[in-house]
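Engineer: Let me begin by handing over the structure; questions about it come next.
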Amino acid sequence: MTKRHFVSYSNPSSEIAEQFRTIRTNIQFSSIDIQHKTLIITSPSSNEGKTTSAINLAISISQQGERVLLIDANLRKPKLHISFNLKESYGLTDVLMGRLPLEEAVFQTQIGKLEVLTSGIIPPNPTEIIGSKAMSYFLKDIKEEYDTVIFDCPPVLETTDTKLLAGQCDGVIMVLKSGKTDREKAVEANRLLHLVRAKVLGVILNEKE
Ligand SMILES: Nc1ncnc2c1ncn2[C@@H]1O[C@H](COP(=O)(O)OP(=O)(O)O)[C@@H](O)[C@H]1O
Ligand SMILES: [Mg+2]
């Protein structure tokens, strides 16, 4: 496990953990009437802190006693299984292709009611699977089963996958890396998300130490 990924768990009194609690509160209060159950974590490009942010946000929400499912929806560069020390042998793609029921595909963690669904076997056609009818049904099912579902997604500017998913989820959190993400790329990513009617709830400004 990478320590940084789990700082909200290992060091709940740290400033980073506090910041993720603030983000959690902001999401939960960004609308009184609309529940934000399915959340997308993405960024314009790679290596900007999506996976780190997704894990810490999931931990932070689960620390409130919620049942949280963290899903690796980055079918091109899946990373969650590495952070959680899990086998990559089955996961999201197996559930979507009807090979495994969800309850058998998820991993329980030691952290509250946080469960993890890894990517599963990487298919040759990730976009087709992400945009499938099976995915739409899956989104309905998980909303009934979990309080919050967080998708660790690929970069917006590199694939269509995130846009396909974002249009069907309740909200998007954009991660930008301070001093690294180009302003133009951030603007373009935001524009593409608005085109698919995604609701960008906010931005995490991630800064490498
Ligand atoms: N705030 C930060 N400070 C230092 N290192 C970070 C920070 N956020 C992310 N990293 C590191 O940068 C790398 C990329 O982060 P990651 O969350 O995997 O990005 P992405 O999912 O966007 O590709 C990882 O090695 C991670 O540990
Ligand atoms: Mg990642």
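By order in the structure tokens, chains are A, B, ...; within a chain, residues start at 1; ligands start at 1, following the order shown.
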For ligand 1, collect every residue having any atom at a distance of at most 6 Å from a ligand atom (counting only C-alpha atoms and all ligand atoms); output as a ChimeraX atom specification.

Structural biologist: /A:46-52,206-209

Engineer: Please identify every residue of chain A that has at least one atom no farther than 10 Å from an atom of ligand 2, counting only C-alpha atoms and all ligand atoms, and for each give the shortest atom pair and the distance in Å to one decimal, arranged by chain then increasing number, as a Markdown table.

Structural biologist:
| residue | atom | partner | partner_atom_place_in_ligand_line | distance |
| --- | --- | --- | --- | --- |
| A:Ile41 | CA | ligand 2 | 1 (Mg) | 9.4 |
| A:Thr42 | CA | ligand 2 | 1 (Mg) | 8.6 |
| A:Ser43 | CA | ligand 2 | 1 (Mg) | 9.5 |
| A:Ser45 | CA | ligand 2 | 1 (Mg) | 9.9 |
| A:Ser46 | CA | ligand 2 | 1 (Mg) | 7.0 |
| A:Asn47 | CA | ligand 2 | 1 (Mg) | 6.7 |
| A:Glu48 | CA | ligand 2 | 1 (Mg) | 8.1 |
| A:Gly49 | CA | ligand 2 | 1 (Mg) | 6.8 |
| A:Lys50 | CA | ligand 2 | 1 (Mg) | 5.2 |
| A:Thr51 | CA | ligand 2 | 1 (Mg) | 4.1 |
| A:Thr52 | CA | ligand 2 | 1 (Mg) | 7.4 |
| A:Ser53 | CA | ligand 2 | 1 (Mg) | 9.2 |
| A:Ala54 | CA | ligand 2 | 1 (Mg) | 8.7 |
| A:Asp72 | CA | ligand 2 | 1 (Mg) | 8.6 |
| A:Ala73 | CA | ligand 2 | 1 (Mg) | 9.4 |
| A:Asn74 | CA | ligand 2 | 1 (Mg) | 7.1 |
| A:Arg76 | CA | ligand 2 | 1 (Mg) | 9.7 |
| A:Lys77 | CA | ligand 2 | 1 (Mg) | 6.9 |
| A:Pro78 | CA | ligand 2 | 1 (Mg) | 6.8 |
| A:Lys79 | CA | ligand 2 | 1 (Mg) | 5.8 |
| A:Leu80 | CA | ligand 2 | 1 (Mg) | 7.6 |
| A:Asp152 | CA | ligand 2 | 1 (Mg) | 6.8 |
| A:Cys153 | CA | ligand 2 | 1 (Mg) | 7.1 |
| A:Pro154 | CA | ligand 2 | 1 (Mg) | 6.8 |
| A:Pro155 | CA | ligand 2 | 1 (Mg) | 8.4 |

Engineer: Can you pull out the residues contacting region 31-40 of chain A? Cut-off 10 Å, using only C-alpha atoms, and skip same-chain residues under 3 positions away; I want them as a PyMOL selection string.

Structural biologist: chain A and resi 26-28+43+50+54+68-71+73+139-140+142-144+146-154+162-163+165-174+198-201

Engineer: Only N, CA and C atoms, please: the residues just picked out, written as a compact mmCIF listing (two decimals), in the first residue's frame.

Structural biologist:
# COMPACT_ATOMS: atom_id res chain seq x y z
N ASN A 26 -18.43 19.59 1.16
CA ASN A 26 -18.85 20.42 0.03
C ASN A 26 -19.70 19.64 -0.96
N ILE A 27 -19.33 18.38 -1.21
CA ILE A 27 -20.11 17.56 -2.14
C ILE A 27 -21.50 17.33 -1.55
N GLN A 28 -21.51 16.99 -0.26
CA GLN A 28 -22.78 16.63 0.36
C GLN A 28 -23.73 17.82 0.48
N SER A 43 -9.42 13.88 -14.27
CA SER A 43 -8.53 15.04 -14.46
C SER A 43 -8.26 15.14 -15.96
N LYS A 50 -5.63 11.54 -9.53
CA LYS A 50 -7.00 11.02 -9.52
C LYS A 50 -7.16 9.87 -8.54
N ALA A 54 -9.33 9.79 -5.25
CA ALA A 54 -10.48 8.89 -5.18
C ALA A 54 -10.42 8.05 -3.90
N VAL A 68 -19.67 2.58 1.20
CA VAL A 68 -19.06 3.21 0.02
C VAL A 68 -18.46 2.13 -0.89
N LEU A 69 -18.68 2.28 -2.19
CA LEU A 69 -18.03 1.41 -3.16
C LEU A 69 -17.08 2.25 -4.01
N LEU A 70 -15.82 1.87 -4.01
CA LEU A 70 -14.81 2.55 -4.83
C LEU A 70 -14.50 1.65 -6.03
N ILE A 71 -14.72 2.18 -7.23
CA ILE A 71 -14.59 1.37 -8.45
C ILE A 71 -13.44 1.85 -9.33
N ALA A 73 -12.54 2.44 -12.65
CA ALA A 73 -13.13 2.54 -13.98
C ALA A 73 -12.08 2.96 -15.01
N LEU A 139 -25.31 0.91 -12.97
CA LEU A 139 -25.38 2.17 -12.22
C LEU A 139 -26.66 2.22 -11.38
N LYS A 140 -27.73 1.74 -11.92
CA LYS A 140 -28.99 1.72 -11.16
C LYS A 140 -28.87 0.80 -9.95
N ILE A 142 -26.17 -0.28 -8.30
CA ILE A 142 -25.25 0.13 -7.22
C ILE A 142 -25.82 1.30 -6.42
N LYS A 143 -26.65 2.12 -7.06
CA LYS A 143 -27.29 3.23 -6.32
C LYS A 143 -28.22 2.70 -5.25
N GLU A 144 -28.82 1.56 -5.52
CA GLU A 144 -29.71 0.99 -4.51
C GLU A 144 -28.93 0.31 -3.39
N TYR A 146 -25.56 0.91 -2.43
CA TYR A 146 -24.55 1.69 -1.68
C TYR A 146 -25.03 3.12 -1.40
N ASP A 147 -24.45 3.73 -0.36
CA ASP A 147 -24.77 5.14 -0.07
C ASP A 147 -24.03 6.04 -1.05
N THR A 148 -22.76 5.71 -1.32
CA THR A 148 -21.96 6.50 -2.25
C THR A 148 -21.08 5.57 -3.09
N VAL A 149 -20.98 5.88 -4.38
CA VAL A 149 -20.11 5.11 -5.27
C VAL A 149 -19.13 6.08 -5.94
N ILE A 150 -17.86 5.77 -5.85
CA ILE A 150 -16.83 6.64 -6.42
C ILE A 150 -16.10 5.91 -7.54
N PHE A 151 -16.06 6.54 -8.71
CA PHE A 151 -15.37 5.95 -9.86
C PHE A 151 -14.03 6.64 -10.07
N ASP A 152 -12.96 5.85 -10.00
CA ASP A 152 -11.62 6.35 -10.35
C ASP A 152 -11.51 6.19 -11.87
N CYS A 153 -11.55 7.31 -12.58
CA CYS A 153 -11.70 7.28 -14.04
C CYS A 153 -10.41 7.63 -14.79
N PRO A 154 -10.39 7.35 -16.09
CA PRO A 154 -9.24 7.78 -16.91
C PRO A 154 -9.28 9.30 -17.12
N THR A 162 -14.55 8.38 -19.84
CA THR A 162 -14.98 9.21 -18.72
C THR A 162 -16.21 10.05 -19.09
N LYS A 163 -16.22 10.55 -20.31
CA LYS A 163 -17.36 11.36 -20.74
C LYS A 163 -18.63 10.49 -20.79
N LEU A 165 -19.34 7.94 -19.00
CA LEU A 165 -19.78 7.63 -17.64
C LEU A 165 -20.28 8.88 -16.90
N ALA A 166 -19.58 9.99 -17.16
CA ALA A 166 -19.89 11.22 -16.42
C ALA A 166 -21.32 11.70 -16.69
N GLY A 167 -21.78 11.51 -17.93
CA GLY A 167 -23.14 11.94 -18.28
C GLY A 167 -24.20 11.17 -17.52
N GLN A 168 -23.84 10.00 -17.00
CA GLN A 168 -24.82 9.16 -16.31
C GLN A 168 -24.67 9.19 -14.80
N CYS A 169 -23.66 9.90 -14.31
CA CYS A 169 -23.45 9.93 -12.85
C CYS A 169 -23.93 11.24 -12.25
N ASP A 170 -23.98 11.30 -10.92
CA ASP A 170 -24.55 12.48 -10.26
C ASP A 170 -23.60 13.67 -10.23
N GLY A 171 -22.30 13.41 -10.27
CA GLY A 171 -21.37 14.54 -10.18
C GLY A 171 -19.95 14.15 -10.54
N VAL A 172 -19.18 15.16 -10.93
CA VAL A 172 -17.77 14.95 -11.30
C VAL A 172 -16.90 15.85 -10.45
N ILE A 173 -15.80 15.28 -9.95
CA ILE A 173 -14.79 16.07 -9.26
C ILE A 173 -13.55 16.05 -10.15
N MET A 174 -13.08 17.23 -10.48
CA MET A 174 -11.91 17.35 -11.36
C MET A 174 -10.67 17.58 -10.51
N ALA A 198 -22.51 16.61 -17.88
CA ALA A 198 -22.00 16.17 -16.58
C ALA A 198 -22.04 17.35 -15.62
N LYS A 199 -22.25 17.04 -14.35
CA LYS A 199 -22.28 18.11 -13.36
C LYS A 199 -20.93 18.18 -12.65
N VAL A 200 -20.14 19.15 -13.02
CA VAL A 200 -18.84 19.29 -12.36
C VAL A 200 -19.07 19.98 -11.02
N LEU A 201 -18.91 19.22 -9.95
CA LEU A 201 -19.24 19.75 -8.62
C LEU A 201 -18.11 20.58 -8.05

Engineer: Excluding Leu117 (chain A) and residues on its chain fewer than 2 positions from it, collect all residues at most 10 Å away from it, counting only C-alpha atoms, and give them as an MDAnalysis selection string.

Structural biologist: chainID A and resid 69:73 80:81 86 88 90:93 95 102:108 115 119:120 151

Engineer: Suppose we keep N, CA and C atoms; can you now write the selection as a PDB file, in the first residue's frame?

Structural biologist:
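Final output, saved to again-v6.pdb:
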ATOM      1  N   LEU A  69     -18.685   2.285  -2.190  1.00  0.00           N
ATOM      2  CA  LEU A  69     -18.026   1.410  -3.156  1.00  0.00           C
ATOM      3  C   LEU A  69     -17.081   2.255  -4.012  1.00  0.00           C
ATOM      4  N   LEU A  70     -15.821   1.866  -4.014  1.00  0.00           N
ATOM      5  CA  LEU A  70     -14.807   2.546  -4.829  1.00  0.00           C
ATOM      6  C   LEU A  70     -14.500   1.650  -6.029  1.00  0.00           C
ATOM      7  N   ILE A  71     -14.718   2.183  -7.230  1.00  0.00           N
ATOM      8  CA  ILE A  71     -14.589   1.365  -8.446  1.00  0.00           C
ATOM      9  C   ILE A  71     -13.443   1.846  -9.327  1.00  0.00           C
ATOM     10  N   ASP A  72     -12.627   0.927  -9.792  1.00  0.00           N
ATOM     11  CA  ASP A  72     -11.581   1.271 -10.752  1.00  0.00           C
ATOM     12  C   ASP A  72     -12.182   1.253 -12.155  1.00  0.00           C
ATOM     13  N   ALA A  73     -12.537   2.441 -12.646  1.00  0.00           N
ATOM     14  CA  ALA A  73     -13.126   2.543 -13.982  1.00  0.00           C
ATOM     15  C   ALA A  73     -12.080   2.959 -15.005  1.00  0.00           C
ATOM     16  N   LEU A  80      -6.098   0.762  -8.798  1.00  0.00           N
ATOM     17  CA  LEU A  80      -6.636   0.581  -7.443  1.00  0.00           C
ATOM     18  C   LEU A  80      -6.186  -0.728  -6.799  1.00  0.00           C
ATOM     19  N   HIS A  81      -6.119  -1.789  -7.605  1.00  0.00           N
ATOM     20  CA  HIS A  81      -5.733  -3.096  -7.047  1.00  0.00           C
ATOM     21  C   HIS A  81      -4.329  -3.039  -6.449  1.00  0.00           C
ATOM     22  N   LEU A  86      -4.622  -5.893  -3.990  1.00  0.00           N
ATOM     23  CA  LEU A  86      -5.614  -6.894  -4.366  1.00  0.00           C
ATOM     24  C   LEU A  86      -5.221  -7.560  -5.679  1.00  0.00           C
ATOM     25  N   GLU A  88      -5.819  -8.677  -9.427  1.00  0.00           N
ATOM     26  CA  GLU A  88      -6.517  -8.005 -10.509  1.00  0.00           C
ATOM     27  C   GLU A  88      -7.383  -8.997 -11.286  1.00  0.00           C
ATOM     28  N   TYR A  90     -10.373 -10.365 -11.067  1.00  0.00           N
ATOM     29  CA  TYR A  90     -11.759 -10.105 -11.466  1.00  0.00           C
ATOM     30  C   TYR A  90     -12.190  -8.745 -10.946  1.00  0.00           C
ATOM     31  N   GLY A  91     -13.275  -8.232 -11.530  1.00  0.00           N
ATOM     32  CA  GLY A  91     -13.730  -6.901 -11.140  1.00  0.00           C
ATOM     33  C   GLY A  91     -14.855  -6.392 -12.018  1.00  0.00           C
ATOM     34  N   LEU A  92     -14.831  -5.079 -12.258  1.00  0.00           N
ATOM     35  CA  LEU A  92     -15.917  -4.394 -12.974  1.00  0.00           C
ATOM     36  C   LEU A  92     -16.288  -5.057 -14.306  1.00  0.00           C
ATOM     37  N   THR A  93     -15.276  -5.376 -15.131  1.00  0.00           N
ATOM     38  CA  THR A  93     -15.596  -5.924 -16.458  1.00  0.00           C
ATOM     39  C   THR A  93     -16.312  -7.277 -16.351  1.00  0.00           C
ATOM     40  N   VAL A  95     -18.360  -8.128 -13.942  1.00  0.00           N
ATOM     41  CA  VAL A  95     -19.743  -7.856 -13.531  1.00  0.00           C
ATOM     42  C   VAL A  95     -20.534  -7.371 -14.747  1.00  0.00           C
ATOM     43  N   LEU A 102     -22.193  -8.830  -8.606  1.00  0.00           N
ATOM     44  CA  LEU A 102     -21.450  -7.765  -7.941  1.00  0.00           C
ATOM     45  C   LEU A 102     -20.936  -8.184  -6.564  1.00  0.00           C
ATOM     46  N   GLU A 103     -21.814  -8.823  -5.784  1.00  0.00           N
ATOM     47  CA  GLU A 103     -21.425  -9.154  -4.402  1.00  0.00           C
ATOM     48  C   GLU A 103     -20.242 -10.118  -4.335  1.00  0.00           C
ATOM     49  N   GLU A 104     -20.040 -10.860  -5.407  1.00  0.00           N
ATOM     50  CA  GLU A 104     -18.883 -11.768  -5.409  1.00  0.00           C
ATOM     51  C   GLU A 104     -17.627 -11.112  -5.979  1.00  0.00           C
ATOM     52  N   ALA A 105     -17.819  -9.967  -6.623  1.00  0.00           N
ATOM     53  CA  ALA A 105     -16.680  -9.308  -7.274  1.00  0.00           C
ATOM     54  C   ALA A 105     -16.028  -8.252  -6.394  1.00  0.00           C
ATOM     55  N   VAL A 106     -16.758  -7.766  -5.386  1.00  0.00           N
ATOM     56  CA  VAL A 106     -16.196  -6.688  -4.559  1.00  0.00           C
ATOM     57  C   VAL A 106     -15.292  -7.240  -3.457  1.00  0.00           C
ATOM     58  N   PHE A 107     -14.332  -6.419  -3.084  1.00  0.00           N
ATOM     59  CA  PHE A 107     -13.443  -6.748  -1.963  1.00  0.00           C
ATOM     60  C   PHE A 107     -13.836  -5.883  -0.777  1.00  0.00           C
ATOM     61  N   GLN A 108     -13.966  -6.507   0.394  1.00  0.00           N
ATOM     62  CA  GLN A 108     -14.198  -5.735   1.618  1.00  0.00           C
ATOM     63  C   GLN A 108     -12.837  -5.178   2.036  1.00  0.00           C
ATOM     64  N   GLU A 115     -15.873  -0.719   0.331  1.00  0.00           N
ATOM     65  CA  GLU A 115     -15.626  -1.880  -0.521  1.00  0.00           C
ATOM     66  C   GLU A 115     -14.991  -1.402  -1.830  1.00  0.00           C
ATOM     67  N   SER A 119     -10.722  -3.279 -11.636  1.00  0.00           N
ATOM     68  CA  SER A 119     -11.157  -3.153 -13.031  1.00  0.00           C
ATOM     69  C   SER A 119     -11.585  -4.488 -13.635  1.00  0.00           C
ATOM     70  N   GLY A 120     -10.981  -5.562 -13.172  1.00  0.00           N
ATOM     71  CA  GLY A 120     -11.187  -6.847 -13.834  1.00  0.00           C
ATOM     72  C   GLY A 120     -10.268  -6.944 -15.031  1.00  0.00           C
ATOM     73  N   PHE A 151     -16.063   6.542  -8.710  1.00  0.00           N
ATOM     74  CA  PHE A 151     -15.374   5.953  -9.862  1.00  0.00           C
ATOM     75  C   PHE A 151     -14.032   6.636 -10.067  1.00  0.00           C
TER      76      PHE A 151
END

Engineer: Restricting the calculation to only C-alpha atoms, which member of A:Leu114, A:Val156, A:Leu164, A:Leu195 is positioned closest to Lys133 (chain A)?

Structural biologist: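 Smallest distance to Lys133 (chain A) is found for A:Leu164.
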
Engineer: If you run DSSP on the backbone, which residues of chain A are alpha helix (DSSP H), as a ChimeraX atom specification?

Structural biologist: /A:7-10,15-29,50-62,80-83,92-96,102-105,126-130,133-145,161-166,183-195

Engineer: With distances taken over only C-alpha atoms, which residue among A:Leu157, A:Ile130, A:Val203, A:Val7 lies nearest Ser178 (chain A)?

Structural biologist: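 Checking each of A:Leu157, A:Ile130, A:Val203, A:Val7 against Ser178 (chain A), counting only C-alpha atoms, the winner is A:Val203.
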
Engineer: What's the separation between CA of Glu188 (chain A) and CA of Leu176 (chain A), in Å to one decimal place?

Structural biologist: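 Pair CA of Glu188 (chain A) / CA of Leu176 (chain A) returns 12.6 Å.
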